[in-house]
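Enquirer: My questions all concern the structure below.
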2 protein chains.
Amino acid sequence: MKYSRRSVDAPAAGGQASGRESTAATFQGMSMGVPRRTSRDIRSDSRLDVLHAVLSAGETTRNEIAQATGLSPATVVTIVGELLAGGIVEETKSTPGRIGRPTATVSMSTERTRVVGIDVAETYIRAVLFDTALGQIASVEDARDEHDLDPDAVVEGIGRTIDRLLAENEVPREDVLGVGVALPGLIHGPTGVSIVVPHWTWHKVELDHLRERVGLPLVIENPLKSIATAELWLGRGRSCSSLVTVNLGTGVGAGIVLEGRILRGATNSAGEWGHSLLALDGRACRCGRNGCVEAYVGAPGIQLTLREIAPGHALADLDAQSDFITALAAVANGPDPDPAVLETIDRTAYYLGSALADLVAVVNPELVLLTGWTTWALGDSLVAATRRHLVAQSPGGAIVGAELDVSTVRGNSVATGVAMIVLERFLADAGLVTTSIPVAL
Amino acid sequence: MKYSRRSVDAPAAGGQASGRESTAATFQGMSMGVPRRTSRDIRSDSRLDVLHAVLSAGETTRNEIAQATGLSPATVVTIVGELLAGGIVEETKSTPGRIGRPTATVSMSTERTRVVGIDVAETYIRAVLFDTALGQIASVEDARDEHDLDPDAVVEGIGRTIDRLLAENEVPREDVLGVGVALPGLIHGPTGVSIVVPHWTWHKVELDHLRERVGLPLVIENPLKSIATAELWLGRGRSCSSLVTVNLGTGVGAGIVLEGRILRGATNSAGEWGHSLLALDGRACRCGRNGCVEAYVGAPGIQLTLREIAPGHALADLDAQSDFITALAAVANGPDPDPAVLETIDRTAYYLGSALADLVAVVNPELVLLTGWTTWALGDSLVAATRRHLVAQSPGGAIVGAELDVSTVRGNSVATGVAMIVLERFLADAGLVTTSIPVAL
Ligand SMILES: [Zn+2]
Ligand SMILES: [Zn+2]
């Protein structure tokens, strides 16, 4: 099954109410910035470019890679040779060329190893098994008690879910190239890893024992950067060099891609947007600040907006956030839409469009992609109005160059994205790329 | 006079009330993004690195350049040779080396040519003459009628100021390597230039005739990106790879440096922050939006804050914004500070710290540098309180990794920065670097 050709799954059921959030927390004195103005290893960069071209195309030829990357054909031949030798790519078939000579087709090696991507959300841990072309082979999901915030329990839960995934699919641990774990609000150091999960009341929890428990090469990343990575390699990032992914669920967060790379910033906490201000001294946010974007466009925020518009509204009393959003969408798209519901959606679009206008102004991306279960549920009724408000609220009143759309990446893009980071890390460890993948245990 | 050793001037008088602003306006359908994942010309990048090392150090040696850039000594020798041959750098002297051999010192060529940087503000046009080491030789300033928004008049004003600068200093036009013009709210296309100056009610004004009028190689850039460029080459950017410069005056704006380069975004409008929301549906801003950062921390916004705190306060009636800020600073730092004035400054710091917390969260820089005449006037009374609020308002309640400080770059950093961009452009046109300098007529 080819990477770019495979059909996209419907949103995973487990993705409901997953509570994506993010933090801007950083460690004092820690700096993981890219070394300043040192010479770049152009060969390594080129290897990543070639890898990206192969992953994006599924099956491709050396000539097509040269066209896609702008590298010289000779360079592509050299690099493909290295990737073939390393077992990263394989020659799948030869097709007759225009001048009669057969042209070899190159694709990612699908047999050599496995990659595991783990999405640790508030209410579940989902583990997905991939081949090295990031084709999904299997997945398992275990429920998590969202009130159990003990780091040891989370570590054990992750370990158990991985064990089950591998056992059920009879994958020997030696076949696993690496495991990527997406943990909300992640922050990490260059040596060892600590994470900060504000909503989980974790602060600087050392996760060294996660490495021991997993016993496999391990990468940890924030779910929002994982989503952006998936978009970069699987979605619109394939044809666009700068984009922002915005995840709408219980929490709200963004991932930023600039010049084809995830914006990490000085300490890997760039892209924090869900807890930036929409309204000074506004609604209380669960992060402790007032007036955050999330307090208005996260699912509980949307419910609060409905409550403000129509106190005592039937939908305002629904306990489960995903039920609330689903019911809201059903009413909005139903035959006789409730004015309070429509106003709730439009006001949400106003909040979201206003907040996105700021993000777009600072980052100036080509494209903003909405994702997450609120996006899937409300769909165009939210997106079209948001687009209108985004343009109207664009600073300077001028035209917004950025396009607003719904991501085409489906399935668990968190698990896929963090698995992609595992793959990059593996190539880096094998000496095949020297890209900066900052998070590895 | 060496570049990095020269004494910094006091803020130029003409810099008062200069009305820096910025826009996020973009042209529809225009994309100036960096080509995606094409191979980089590593040699060209290295040349810029070497140039940067020479500019930063003033006088340096090949060995020091190799250390500063991470390039191999052999590469440095090659590149310095090319820059010597091109007349960009020169060997200034030889000093005895540790093992007895003389070590040649390299610095920017100071004789070969001249560079002009123009700061077009609301009330003046200032032209500064530099040598190619960006040492300031002379400057002239002409008043501008801030109500004369006719593009032809602005073009003629720029041309006249350049003419006067060159005539008074007896500089033949052939000696001028290029002219950089900083215009507020600039937006431009890859072929030809148009600009959008919202506060000047210009929209997509074609400035082709500026090229004709000036008759010299011309580069146009936004003043905020010019300030960030100056900081990058002359200020803290010399020791830090990611920073944000924040200009506080009549208008408010930011320039962003990531990985040692100005963040330009897809259409060169990245970094727009002055007109992002601080308070949804808040104070009316001159850009047409409500609740912008500028409406709270621009000089008129600070005056409005004082008026809210103490209606009828004597300072609230001062007409000239620079007089107001100067008077506010005098009272705050005086022997018997007025509580209303102190509260105004603290509330301004609260607004600024809150807004900066958002910017820091999205960009995650190592350093935020305040500049502009409000910064110079209010100094530490504003900065210390802003730092406190920035930490308190940091999303997630966690530690902010970014440092907040006052820029050490003085003088007209707009003119200096845009002159630096001329230099980069010149090197690019000479085939010595292939960096992306997007704005050139
Ligand atoms: Zn918050
Ligand atoms: Zn504004």
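Letters for chains follow the order of the structure tokens (A, B, ...), residue numbers begin at 1 for each chain, and ligand numbers begin at 1 in the order shown.
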Check the DSSP output for the backbone and give back, as a list of chain:residue names, the residues of region 290-400 of chain A in strand (DSSP E or B).
Expert: A:Asn290, A:Cys292, A:Leu367, A:Val368, A:Leu369, A:Leu370, A:Thr371
Enquirer: Could you give me, as CSV, every chain A residue with an atom at most 7 Å from ligand 1, plus its closest atom pair and distance in Å to one decimal, counting only C-alpha atoms and all ligand atoms, rows ordered by chain then number?
Expert:
residue,atom,partner,partner_atom_place_in_ligand_line,distance
A:Gly274,CA,ligand 1,1 (Zn),6.7
A:His275,CA,ligand 1,1 (Zn),3.9
A:Ser276,CA,ligand 1,1 (Zn),6.9
A:Cys285,CA,ligand 1,1 (Zn),4.4
A:Arg286,CA,ligand 1,1 (Zn),5.8
A:Cys287,CA,ligand 1,1 (Zn),4.2
A:Gly288,CA,ligand 1,1 (Zn),6.2
A:Arg289,CA,ligand 1,1 (Zn),5.1
A:Asn290,CA,ligand 1,1 (Zn),6.6
A:Cys292,CA,ligand 1,1 (Zn),4.6
A:Glu294,CA,ligand 1,1 (Zn),6.0
A:Ala295,CA,ligand 1,1 (Zn),6.5
Enquirer: Write the selection just made, keeping C-alpha atoms, as a PDB file, in the first residue's frame?
Expert:
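Listing of again.pdb after writing:
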ATOM      1  CA  GLY A 274      -4.539  28.279  22.296  1.00  0.00           C
ATOM      2  CA  HIS A 275      -3.677  30.168  25.439  1.00  0.00           C
ATOM      3  CA  SER A 276      -2.945  33.494  23.868  1.00  0.00           C
ATOM      4  CA  CYS A 285      -9.328  29.576  31.259  1.00  0.00           C
ATOM      5  CA  ARG A 286      -8.308  26.239  32.737  1.00  0.00           C
ATOM      6  CA  CYS A 287      -4.684  27.263  32.259  1.00  0.00           C
ATOM      7  CA  GLY A 288      -5.099  29.926  34.909  1.00  0.00           C
ATOM      8  CA  ARG A 289      -5.060  32.874  32.546  1.00  0.00           C
ATOM      9  CA  ASN A 290      -8.128  34.899  31.624  1.00  0.00           C
ATOM     10  CA  CYS A 292      -7.508  32.773  26.249  1.00  0.00           C
ATOM     11  CA  GLU A 294      -9.334  28.248  24.185  1.00  0.00           C
ATOM     12  CA  ALA A 295     -11.828  29.643  26.702  1.00  0.00           C
TER      13      ALA A 295
END
Enquirer: What does the structure give for the distance between CA of Val418 (chain B) and CA of Val244 (chain B), in Å to one decimal?
Expert: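 Between CA of Val418 (chain B) and CA of Val244 (chain B) the gap works out to 17.0 Å.
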Enquirer: Nearest residue to ligand 2 out of B:Arg62, B:Arg388, B:Arg283, B:Arg347, using only C-alpha atoms and all ligand atoms?
Expert: B:Arg283
Enquirer: I'd like to know which of B:Tyr296, B:Tyr124, B:Trp233, B:Phe130 is closest to ligand 2, using only C-alpha atoms and all ligand atoms.
Expert: B:Tyr296
Enquirer: For a quick check of understanding, using only C-alpha atoms and all ligand atoms, which of B:Ser46, B:Ser107, B:Glu174, B:Gly253 has the smallest distance to ligand 2?
Expert: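 The shortest atom-to-atom distance to ligand 2 comes from B:Gly253.
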Enquirer: Counting only C-alpha atoms, what is within 12 Å of Pro339 (chain A), bar same-chain residues fewer than 6 positions away, as a list in words?
Expert: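 My reading of the contact set: Leu306, Ile309, Ala310, His313, Leu328, Val331, Ala332, Asn333, Ile345, Asp346 and Arg347 of chain A.
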Enquirer: What parts of region 204-377 of chain A does DSSP call helix (DSSP H, G or I)? I'd like the answer as an MDAnalysis selection string.
Expert: chainID A and resid 208:214 223:234 236:239 294:297 299:309 314:317 321:333 339:363 373:377
